[in-house]
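Participant: One structure, pasted below without further comment.
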Amino acid sequence: MNGTERFLLIRPVVVYAWAWVIGYAAAVKLPLGQLNPERTFIAAAALLAALIVFRLPWRHAAYVIPLALTACCYYQWTDRLNVSELLPDNAAIDFNEGLPVQMRGRIASVVSIDGDKVSFVLNVSGILTEGEEAEWAVSEKVQITVRLLERDEVAMANAWGRGDDVMLSGELKLPSSARNFGGFDYRNYLRTQRIHTIVSIKGTEQVHVTGSKAMDWLAVLRMNDRIRSGLGETAGRLFPGEQGGYMKSLLIGLRVDMDPYEFQQFSRLGLTHLLAISGLHVAVFVAVILWIARAAGVTRETGLLIALWLIPFYVLLTGGSPSVIRAGLMAMLALYAARRQWLKDGLHLVCIVGWGMLVLNPYYLVDVGFQLSFLVTLGLIAAVPPVSSLLPFRSSMVNSTVAVTIVSQAVSFPLSVYYFNQFSLVSWIANMALVPLVSFVVTPLGSAALLAGELSIAVGKWLAWPVVKLNGITSWVVDLLDRFTLFHLIWPTPSLGWIAGWYGSAGLLLAALIRRGRAQKLLHANLLLDNPQGWRHKAAIPFYALLSALLLIYGYSPDRLERTGIVSFLDVGQGDAIWIHTPDDRNVLIDGGGTVTFRKKGEEWKERAEPFDVGNKLLVPLLKKRGVHRIDTLIITHLDADHIGGLQAVLEQIPVKQMVYNGTYKRGAGTAKLFQTALDKQIPLMSANRGDRLQLDGNTDIQFLYPAATSETEVIEESKQNNVSLVFMLKMNGFRFLMTGDMEKPEEEELLMLEREDETVPLAASKDAQLEDGDASKVDVLKVAHHGSKTSTTEEWLSLWKPSIAVISVGVSNIYRHPAAEVVDRIASHEAKLFRTDKNGEVQMRMKGDVLQVMTMLKEH
């Protein structure tokens, strides 16, 4: 019997489960429609039959091939059936235009209320669209969003719940897809939830809800929602201030009330797994149940049975995420095996559970929670014992704690940088210090206080007192470690090949260490006279360690030797944000977008707990995905909200070396906070005027053209910022980009006059930039001012610069109706190729040598 067959006979479930995962992964990478699932399945079945009938000696290893093919077919077949009945061709409407509809169905999710926004999932049973006379039956999930118009509507929405029957009218739309390279694809995310459309509704008058008397699964979940909500209210009464939101997340998986900044701190330190109900929570829960049963004098078998039956209720109570479902199923199998006195195998259990979950829902494969949960669990089962045996500590408890931290960090690291693009070097310390405290002390005591609080708030507060003190220690440690910003590393999104290489090199390094450890133990026990390992075995550890180190260096900066310059006009909605990456690895950010909100007095109730922030939700994630470890120069053209709104998150999360602005100040809380953050972080602030120049690297420089220098030396307060926008020429690899902020006609005229009066070569063109036609003022790319408003981009302006390409940063269906049709026509008359972020998404320009390549995220329809 060869080694492969021996391994398969020992752990066939493990191998076959991974074969299934590989088949799914291949199906994800194959475009839908390229594979014929039926024919491929027949071929896989024929191959499997041949292996069984002919009993080939290598058949056990070869079983993985038909199994992987079967998995690939099953995923593609499932994916092919995942289509909308409302949009058979998935192209009936454009995502930014609505189709009036009337729907009826049942609420199938928790009803979430945040300020003036209500959202839930509707199981649709009937629909009537515009132009049709009769309703037609469907069976499909739709995401519903209701915008409340009056404060009284909040109480009405609070009465809605899962399982209610609903009749509603609204606008049917397609979810938005990713609009930037590497951006979050909301449409694809909802598709993995088998949701294809959304309905937007204004006001509760369009929603008619009636209770349902049906006793089904939705009724059970509705009852569970009420219990969770009640427990959340009790937690809020037991634990003061922000601790209430933290304990809701920790104990029952309700994260909506957790302070966003505190969650960011946990995320940066790699501690978010504490807030996601998972295996450790289930293990503590089972241990407490068994301890109570034993204290009550219950037999071992009965205690195991009680714990087994209580686990499903715990899974429901904590939200039923993929991680807690996995942990719950594993615990139930383990308890059943223990009760029947069967030999349990953790590796088999986790593979059986994972395989079963993937068969029931193939889309679990692309769920980050599922991936992290299973990979970390597999790593802990397989690697903790050997790693623990290699550690030098005398205490077995210390060895185990350190081994668990090392293994969990090493296993989760590639996925953390792939999905979140960050890793903290003090994460190891944070996990070793806080995981035992939170998991084995805070969680049990907090749960006891919560249960007692349901009976008596006074008793609950008495039990919660030590938890409050321990939470204070946790908060202090998290805040202290989070201050070590130099240890918070930003990682670009790695390739799947790099991830596979990391796991491979780490596994080989561990195997080499185990071999050496075993040989040394035998030598110490005098069971070996001499170390039998040759030079190859001795060189294995330094070789694999060096390989792992090289992978880390490359993964941290994969484009280190790339000499391509990039100018990227990001789609941040109705605003500006331009990212520049120079050939010598310098990063420049021009503006940061922002969301402009209009709130009247008395509308404070509309404020959301965590309103959309273009910096946190869009700009910072995009920069991190691209491996922007630092911003060498941050240029603020002017201080309007749609240009600086996203920069607060940038300053807080990405190191900035210097900040250049127009030398003015605009009153406002956002502006004050931004500049105060820059001062606190000791970021140099420099004002720029006409004639100033920034040399970014040997191939890139910036020449400022406007505003003209004044005699003022102090910062001037200026409420109207458009007329003091920074205007500058970016030159990279011989290509020239004119950046204009939100300048308007008077400023364009003033700059034109300054250019004509300049007796030397205009600042817009250096002497080595003379073009073949002799026109030194011609630019390659013009960033159109003020989002294409009719207040800018005059005929004279275009005649001077003669751009080959024009780019307008503008939001989809914006209330200002930008860009103006006359501006678009004017650009076209000058034969400039026009790109717009509302139609093209991100517009990215790459320069290598004397070639400029333009790529857009979306194709214009």
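Within each chain, counting starts at residue 1; across the structure tokens, chains are named A, B, ... in the order shown, with ligands numbered 1 upward in that order.
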Quick one: everything within 7 Å of region 615-625 of chain A, counting only C-alpha atoms, minus sequence neighbours fewer than 2 positions away in the same chain. Send it as a list in words.

Facilitator: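 The filter keeps Gly182, Gly183, Asn421, Ile490, Trp491, Pro492, Thr493, Asp613, Gly627, Val628, Gly646, Leu647, Ala649 and Val650 of chain A.
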
Participant: Residues as selected, all heavy atoms, written as a compact mmCIF listing (two decimals), in the first residue's frame, can you do that?

Facilitator:
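Below is the file again_11.txt, written as the result:
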# COMPACT_ATOMS: atom_id res chain seq x y z
N GLY A 182 -11.77 46.83 -7.71
CA GLY A 182 -11.57 46.25 -6.39
C GLY A 182 -12.58 46.71 -5.37
O GLY A 182 -12.47 46.35 -4.19
N GLY A 183 -13.59 47.47 -5.77
CA GLY A 183 -14.58 47.98 -4.84
C GLY A 183 -15.61 46.93 -4.45
O GLY A 183 -15.74 45.88 -5.09
N ASN A 421 -7.16 43.94 4.39
CA ASN A 421 -5.98 44.70 3.99
C ASN A 421 -5.25 45.38 5.14
O ASN A 421 -4.71 46.47 5.00
CB ASN A 421 -6.37 45.76 2.94
CG ASN A 421 -7.01 45.14 1.72
OD1 ASN A 421 -8.23 45.20 1.58
ND2 ASN A 421 -6.22 44.54 0.86
N ILE A 490 -0.54 48.10 6.46
CA ILE A 490 -1.53 48.03 5.37
C ILE A 490 -0.98 47.09 4.30
O ILE A 490 0.16 47.24 3.86
CB ILE A 490 -1.79 49.43 4.79
CG1 ILE A 490 -2.45 50.32 5.85
CG2 ILE A 490 -2.67 49.34 3.54
CD1 ILE A 490 -2.58 51.77 5.44
N TRP A 491 -1.79 46.13 3.88
CA TRP A 491 -1.38 45.14 2.89
C TRP A 491 -2.27 45.23 1.67
O TRP A 491 -3.49 45.31 1.79
CB TRP A 491 -1.49 43.72 3.47
CG TRP A 491 -0.49 43.42 4.53
CD1 TRP A 491 -0.49 43.90 5.81
CD2 TRP A 491 0.66 42.59 4.41
NE1 TRP A 491 0.59 43.41 6.49
CE2 TRP A 491 1.31 42.60 5.67
CE3 TRP A 491 1.19 41.83 3.37
CZ2 TRP A 491 2.47 41.89 5.90
CZ3 TRP A 491 2.35 41.11 3.61
CH2 TRP A 491 2.99 41.14 4.85
N PRO A 492 -1.69 45.20 0.48
CA PRO A 492 -2.52 45.12 -0.73
C PRO A 492 -3.20 43.75 -0.80
O PRO A 492 -2.74 42.79 -0.17
CB PRO A 492 -1.50 45.29 -1.87
CG PRO A 492 -0.21 44.81 -1.29
CD PRO A 492 -0.24 45.18 0.17
N THR A 493 -4.28 43.68 -1.53
CA THR A 493 -4.99 42.41 -1.68
C THR A 493 -4.09 41.41 -2.39
O THR A 493 -3.69 41.64 -3.54
CB THR A 493 -6.29 42.60 -2.47
OG1 THR A 493 -7.12 43.53 -1.76
CG2 THR A 493 -7.03 41.28 -2.62
N ASP A 613 -20.26 57.00 5.34
CA ASP A 613 -19.09 57.87 5.28
C ASP A 613 -18.23 57.42 4.12
O ASP A 613 -17.73 56.30 4.12
CB ASP A 613 -18.31 57.80 6.58
CG ASP A 613 -17.08 58.70 6.56
OD1 ASP A 613 -17.19 59.88 6.92
OD2 ASP A 613 -16.01 58.20 6.16
N GLY A 627 -2.65 48.75 -1.74
CA GLY A 627 -1.35 48.73 -1.07
C GLY A 627 -0.79 50.10 -0.80
O GLY A 627 0.44 50.28 -0.78
N VAL A 628 -1.63 51.09 -0.56
CA VAL A 628 -1.16 52.44 -0.23
C VAL A 628 -0.77 52.45 1.24
O VAL A 628 -1.61 52.65 2.12
CB VAL A 628 -2.23 53.50 -0.54
CG1 VAL A 628 -1.74 54.89 -0.16
CG2 VAL A 628 -2.60 53.46 -2.02
N GLY A 646 -14.40 62.76 3.00
CA GLY A 646 -13.82 61.44 3.22
C GLY A 646 -12.41 61.47 3.77
O GLY A 646 -11.82 60.41 4.05
N LEU A 647 -11.83 62.66 3.94
CA LEU A 647 -10.42 62.75 4.34
C LEU A 647 -10.19 62.52 5.82
O LEU A 647 -9.07 62.18 6.23
CB LEU A 647 -9.85 64.11 3.92
CG LEU A 647 -9.77 64.35 2.42
CD1 LEU A 647 -9.18 65.73 2.13
CD2 LEU A 647 -8.93 63.27 1.74
N ALA A 649 -11.35 60.08 7.62
CA ALA A 649 -11.04 58.65 7.74
C ALA A 649 -9.64 58.35 7.21
O ALA A 649 -8.93 57.51 7.74
CB ALA A 649 -12.09 57.82 7.00
N VAL A 650 -9.24 59.06 6.16
CA VAL A 650 -7.90 58.86 5.59
C VAL A 650 -6.83 59.24 6.62
O VAL A 650 -5.88 58.48 6.85
CB VAL A 650 -7.73 59.69 4.30
CG1 VAL A 650 -6.28 59.64 3.82
CG2 VAL A 650 -8.66 59.16 3.21

Participant: Taking the DSSP secondary structure from the backbone, can you list the residues of region 601-824 of chain A that are helix (DSSP H, G or I), as a short mmCIF file (atom, residue, chain, number, x, y, z; two decimals) with C-alpha atoms, in the first residue's frame?

Facilitator:
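New file selection-v2.cif:
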data_model
loop_
_atom_site.label_atom_id
_atom_site.label_comp_id
_atom_site.auth_asym_id
_atom_site.auth_seq_id
_atom_site.Cartn_x
_atom_site.Cartn_y
_atom_site.Cartn_z
CA GLU A 604 -32.26 65.26 14.36
CA TRP A 605 -34.24 62.02 14.60
CA LYS A 606 -33.20 61.26 11.02
CA VAL A 614 -17.37 57.88 1.91
CA GLY A 615 -13.98 57.78 3.62
CA ASN A 616 -14.61 54.76 5.84
CA LYS A 617 -16.80 52.81 3.46
CA LEU A 618 -15.21 53.54 0.08
CA LEU A 619 -12.04 55.63 -0.10
CA VAL A 620 -9.92 54.06 2.65
CA PRO A 621 -10.78 50.45 1.67
CA LEU A 622 -9.88 51.20 -1.97
CA LEU A 623 -6.52 52.74 -1.03
CA LYS A 624 -5.71 49.84 1.29
CA LYS A 625 -6.59 47.26 -1.36
CA ALA A 641 -17.75 68.99 2.02
CA ASP A 642 -17.86 67.04 -1.25
CA HIS A 643 -14.07 67.32 -1.47
CA ILE A 644 -12.93 66.84 2.14
CA LEU A 647 -10.42 62.75 4.34
CA GLN A 648 -11.06 62.45 8.08
CA ALA A 649 -11.04 58.65 7.74
CA VAL A 650 -7.90 58.86 5.59
CA LEU A 651 -5.98 60.83 8.24
CA GLU A 652 -7.12 58.44 10.97
CA GLN A 653 -6.23 55.21 9.16
CA ALA A 669 -17.25 71.04 12.37
CA GLY A 670 -15.83 68.81 9.63
CA THR A 671 -13.12 71.28 8.65
CA ALA A 672 -12.14 71.97 12.27
CA LYS A 673 -11.87 68.26 13.07
CA LEU A 674 -9.84 67.58 9.93
CA PHE A 675 -7.24 70.26 10.63
CA GLN A 676 -7.11 69.41 14.34
CA THR A 677 -6.42 65.76 13.45
CA ALA A 678 -3.61 66.87 11.12
CA LEU A 679 -2.10 69.01 13.90
CA ASP A 680 -2.43 66.19 16.46
CA ASN A 722 -14.89 77.38 -5.31
CA ASN A 723 -13.22 80.67 -6.22
CA VAL A 724 -10.05 79.77 -4.31
CA LYS A 745 -15.68 81.22 -14.90
CA PRO A 746 -14.17 84.32 -13.14
CA GLU A 747 -11.23 82.24 -11.90
CA GLU A 748 -10.77 80.67 -15.34
CA GLU A 749 -10.66 84.15 -16.88
CA GLU A 750 -8.17 85.36 -14.27
CA LEU A 751 -5.90 82.38 -14.85
CA LEU A 752 -6.11 82.82 -18.62
CA MET A 753 -5.06 86.44 -18.17
CA LEU A 754 -2.16 85.42 -15.94
CA GLU A 755 -1.01 82.87 -18.51
CA ARG A 756 -1.12 85.43 -21.32
CA GLU A 757 0.73 88.05 -19.25
CA LYS A 767 10.65 73.82 -21.76
CA ASP A 768 11.13 70.11 -22.44
CA ALA A 769 7.41 69.62 -22.96
CA ALA A 785 -14.01 71.76 -13.04
CA HIS A 786 -17.00 71.73 -10.70
CA HIS A 787 -18.37 68.34 -11.85
CA GLY A 788 -19.21 69.70 -15.28
CA GLU A 795 -14.92 78.08 -24.74
CA GLU A 796 -11.82 80.18 -24.09
CA TRP A 797 -10.65 77.76 -21.43
CA LEU A 798 -10.87 74.76 -23.75
CA SER A 799 -9.30 76.70 -26.60
CA LEU A 800 -6.18 77.42 -24.56
CA TRP A 801 -5.58 73.94 -23.14
CA ALA A 821 -25.43 69.47 -21.44
CA GLU A 822 -23.77 72.60 -22.83
CA VAL A 823 -20.46 71.68 -21.18
CA VAL A 824 -20.60 68.15 -22.57
#

Participant: For Trp502 (chain A), work out the shell of residues within 10 Å, counting only C-alpha atoms and skipping chain neighbours fewer than 5 positions away, then give it as a list in words.

Facilitator: Ala410, Val411, Phe413, Pro414, Leu496, Gly497, Gly507, Leu508, Leu547, Ser548, Ala549, Leu551, Leu552 and Gly555 of chain A

Participant: Would you list, as a VMD selection string, the residues of region 492-704 of chain A that end up in strand (DSSP E) under DSSP run on this structure's backbone?

Facilitator: chain A and resid 565 to 569 578 to 581 587 to 590 633 to 635 659 to 661 664 to 665 685 to 687 693 to 697 700 to 704

Participant: Can you write out the residues you just picked, keeping N, CA and C atoms, as an mmCIF file, in the first residue's frame?

Facilitator:
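As written to disk, result37.cif reads:
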data_model
loop_
_atom_site.group_PDB
_atom_site.id
_atom_site.type_symbol
_atom_site.label_atom_id
_atom_site.label_comp_id
_atom_site.auth_asym_id
_atom_site.auth_seq_id
_atom_site.Cartn_x
_atom_site.Cartn_y
_atom_site.Cartn_z
ATOM 1 N N GLY A 565 3.205 54.577 -13.893
ATOM 2 C CA GLY A 565 2.527 55.666 -13.213
ATOM 3 C C GLY A 565 1.029 55.520 -13.364
ATOM 4 N N ILE A 566 0.283 55.898 -12.330
ATOM 5 C CA ILE A 566 -1.173 55.748 -12.340
ATOM 6 C C ILE A 566 -1.816 57.058 -11.894
ATOM 7 N N VAL A 567 -2.800 57.502 -12.650
ATOM 8 C CA VAL A 567 -3.683 58.592 -12.222
ATOM 9 C C VAL A 567 -5.095 58.055 -12.295
ATOM 10 N N SER A 568 -5.745 57.971 -11.145
ATOM 11 C CA SER A 568 -7.044 57.305 -11.068
ATOM 12 C C SER A 568 -8.097 58.260 -10.525
ATOM 13 N N PHE A 569 -9.124 58.509 -11.343
ATOM 14 C CA PHE A 569 -10.261 59.330 -10.934
ATOM 15 C C PHE A 569 -11.291 58.389 -10.315
ATOM 16 N N ILE A 578 -8.968 61.829 -6.344
ATOM 17 C CA ILE A 578 -8.036 61.383 -7.391
ATOM 18 C C ILE A 578 -6.806 60.806 -6.717
ATOM 19 N N TRP A 579 -6.512 59.556 -7.054
ATOM 20 C CA TRP A 579 -5.335 58.885 -6.500
ATOM 21 C C TRP A 579 -4.248 58.815 -7.564
ATOM 22 N N ILE A 580 -3.040 59.203 -7.161
ATOM 23 C CA ILE A 580 -1.889 59.200 -8.076
ATOM 24 C C ILE A 580 -0.805 58.319 -7.481
ATOM 25 N N HIS A 581 -0.307 57.392 -8.282
ATOM 26 C CA HIS A 581 0.825 56.553 -7.889
ATOM 27 C C HIS A 581 1.936 56.795 -8.901
ATOM 28 N N ASN A 587 2.774 58.163 -3.428
ATOM 29 C CA ASN A 587 1.311 58.210 -3.478
ATOM 30 C C ASN A 587 0.818 59.614 -3.171
ATOM 31 N N VAL A 588 -0.040 60.119 -4.049
ATOM 32 C CA VAL A 588 -0.642 61.442 -3.882
ATOM 33 C C VAL A 588 -2.156 61.268 -3.917
ATOM 34 N N LEU A 589 -2.839 61.908 -3.008
ATOM 35 C CA LEU A 589 -4.302 61.903 -3.003
ATOM 36 C C LEU A 589 -4.794 63.326 -3.142
ATOM 37 N N ILE A 590 -5.639 63.553 -4.134
ATOM 38 C CA ILE A 590 -6.241 64.872 -4.353
ATOM 39 C C ILE A 590 -7.703 64.793 -3.932
ATOM 40 N N THR A 633 1.772 62.894 -0.265
ATOM 41 C CA THR A 633 1.239 64.263 -0.350
ATOM 42 C C THR A 633 -0.277 64.195 -0.472
ATOM 43 N N LEU A 634 -0.955 64.864 0.434
ATOM 44 C CA LEU A 634 -2.415 65.003 0.363
ATOM 45 C C LEU A 634 -2.720 66.431 -0.054
ATOM 46 N N ILE A 635 -3.370 66.587 -1.201
ATOM 47 C CA ILE A 635 -3.695 67.915 -1.728
ATOM 48 C C ILE A 635 -5.193 68.151 -1.581
ATOM 49 N N MET A 659 0.453 67.751 3.970
ATOM 50 C CA MET A 659 -0.868 68.155 3.477
ATOM 51 C C MET A 659 -0.743 69.544 2.861
ATOM 52 N N VAL A 660 -1.216 69.680 1.622
ATOM 53 C CA VAL A 660 -1.155 70.945 0.894
ATOM 54 C C VAL A 660 -2.588 71.441 0.689
ATOM 55 N N TYR A 661 -2.831 72.710 1.000
ATOM 56 C CA TYR A 661 -4.182 73.254 0.830
ATOM 57 C C TYR A 661 -4.075 74.672 0.291
ATOM 58 N N THR A 664 -6.702 78.872 2.951
ATOM 59 C CA THR A 664 -7.892 79.504 3.522
ATOM 60 C C THR A 664 -8.532 78.565 4.539
ATOM 61 N N TYR A 665 -9.559 79.096 5.220
ATOM 62 C CA TYR A 665 -10.275 78.304 6.214
ATOM 63 C C TYR A 665 -11.772 78.540 6.049
ATOM 64 N N LEU A 685 1.502 71.202 7.361
ATOM 65 C CA LEU A 685 0.485 71.866 6.543
ATOM 66 C C LEU A 685 1.158 72.953 5.719
ATOM 67 N N MET A 686 0.937 72.910 4.409
ATOM 68 C CA MET A 686 1.562 73.891 3.527
ATOM 69 C C MET A 686 0.505 74.483 2.607
ATOM 70 N N SER A 687 0.469 75.793 2.535
ATOM 71 C CA SER A 687 -0.423 76.449 1.587
ATOM 72 C C SER A 687 0.324 76.644 0.267
ATOM 73 N N ARG A 693 6.010 74.770 -6.581
ATOM 74 C CA ARG A 693 6.242 73.519 -7.296
ATOM 75 C C ARG A 693 6.572 72.414 -6.304
ATOM 76 N N LEU A 694 6.046 71.214 -6.586
ATOM 77 C CA LEU A 694 6.358 70.015 -5.807
ATOM 78 C C LEU A 694 7.018 68.997 -6.731
ATOM 79 N N GLN A 695 8.218 68.599 -6.379
ATOM 80 C CA GLN A 695 8.894 67.548 -7.137
ATOM 81 C C GLN A 695 8.619 66.233 -6.410
ATOM 82 N N LEU A 696 7.742 65.407 -6.968
ATOM 83 C CA LEU A 696 7.337 64.170 -6.302
ATOM 84 C C LEU A 696 8.379 63.075 -6.466
ATOM 85 N N ASP A 697 8.917 62.932 -7.680
ATOM 86 C CA ASP A 697 10.026 62.008 -7.929
ATOM 87 C C ASP A 697 10.703 62.446 -9.223
ATOM 88 N N THR A 700 7.959 62.863 -11.944
ATOM 89 C CA THR A 700 6.670 63.478 -11.629
ATOM 90 C C THR A 700 6.860 64.774 -10.864
ATOM 91 N N ASP A 701 6.192 65.829 -11.303
ATOM 92 C CA ASP A 701 6.165 67.055 -10.520
ATOM 93 C C ASP A 701 4.818 67.736 -10.673
ATOM 94 N N ILE A 702 4.571 68.670 -9.761
ATOM 95 C CA ILE A 702 3.318 69.433 -9.754
ATOM 96 C C ILE A 702 3.673 70.910 -9.757
ATOM 97 N N GLN A 703 3.042 71.674 -10.649
ATOM 98 C CA GLN A 703 3.211 73.126 -10.714
ATOM 99 C C GLN A 703 1.856 73.780 -10.436
ATOM 100 N N PHE A 704 1.813 74.616 -9.415
ATOM 101 C CA PHE A 704 0.555 75.261 -9.026
ATOM 102 C C PHE A 704 0.345 76.519 -9.869
#

Participant: Leaving out Gly691 (chain A) and any residue of its chain fewer than 4 positions from it, which residues lie within 9 Å of it when counting only C-alpha atoms, given as a compact mmCIF listing (two decimals) with N, CA and C atoms, in the first residue's frame?

Facilitator:
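Output file out_1.txt follows:
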# COMPACT_ATOMS: atom_id res chain seq x y z
N GLN A 703 3.04 71.67 -10.65
CA GLN A 703 3.21 73.13 -10.71
C GLN A 703 1.86 73.78 -10.44
N PHE A 704 1.81 74.62 -9.42
CA PHE A 704 0.56 75.26 -9.03
C PHE A 704 0.34 76.52 -9.87
N LEU A 705 -0.86 76.65 -10.42
CA LEU A 705 -1.20 77.76 -11.31
C LEU A 705 -2.13 78.78 -10.68
N TYR A 706 -2.90 78.36 -9.68
CA TYR A 706 -3.91 79.24 -9.09
C TYR A 706 -4.22 78.73 -7.68
N ALA A 708 -3.40 83.05 -7.33
CA ALA A 708 -2.19 83.87 -7.36
C ALA A 708 -1.79 84.24 -5.94
N ALA A 709 -0.50 84.39 -5.71
CA ALA A 709 0.01 84.72 -4.38
C ALA A 709 -0.46 86.10 -3.97
N LEU A 763 3.72 78.45 -16.91
CA LEU A 763 3.94 77.44 -15.89
C LEU A 763 3.28 76.12 -16.26
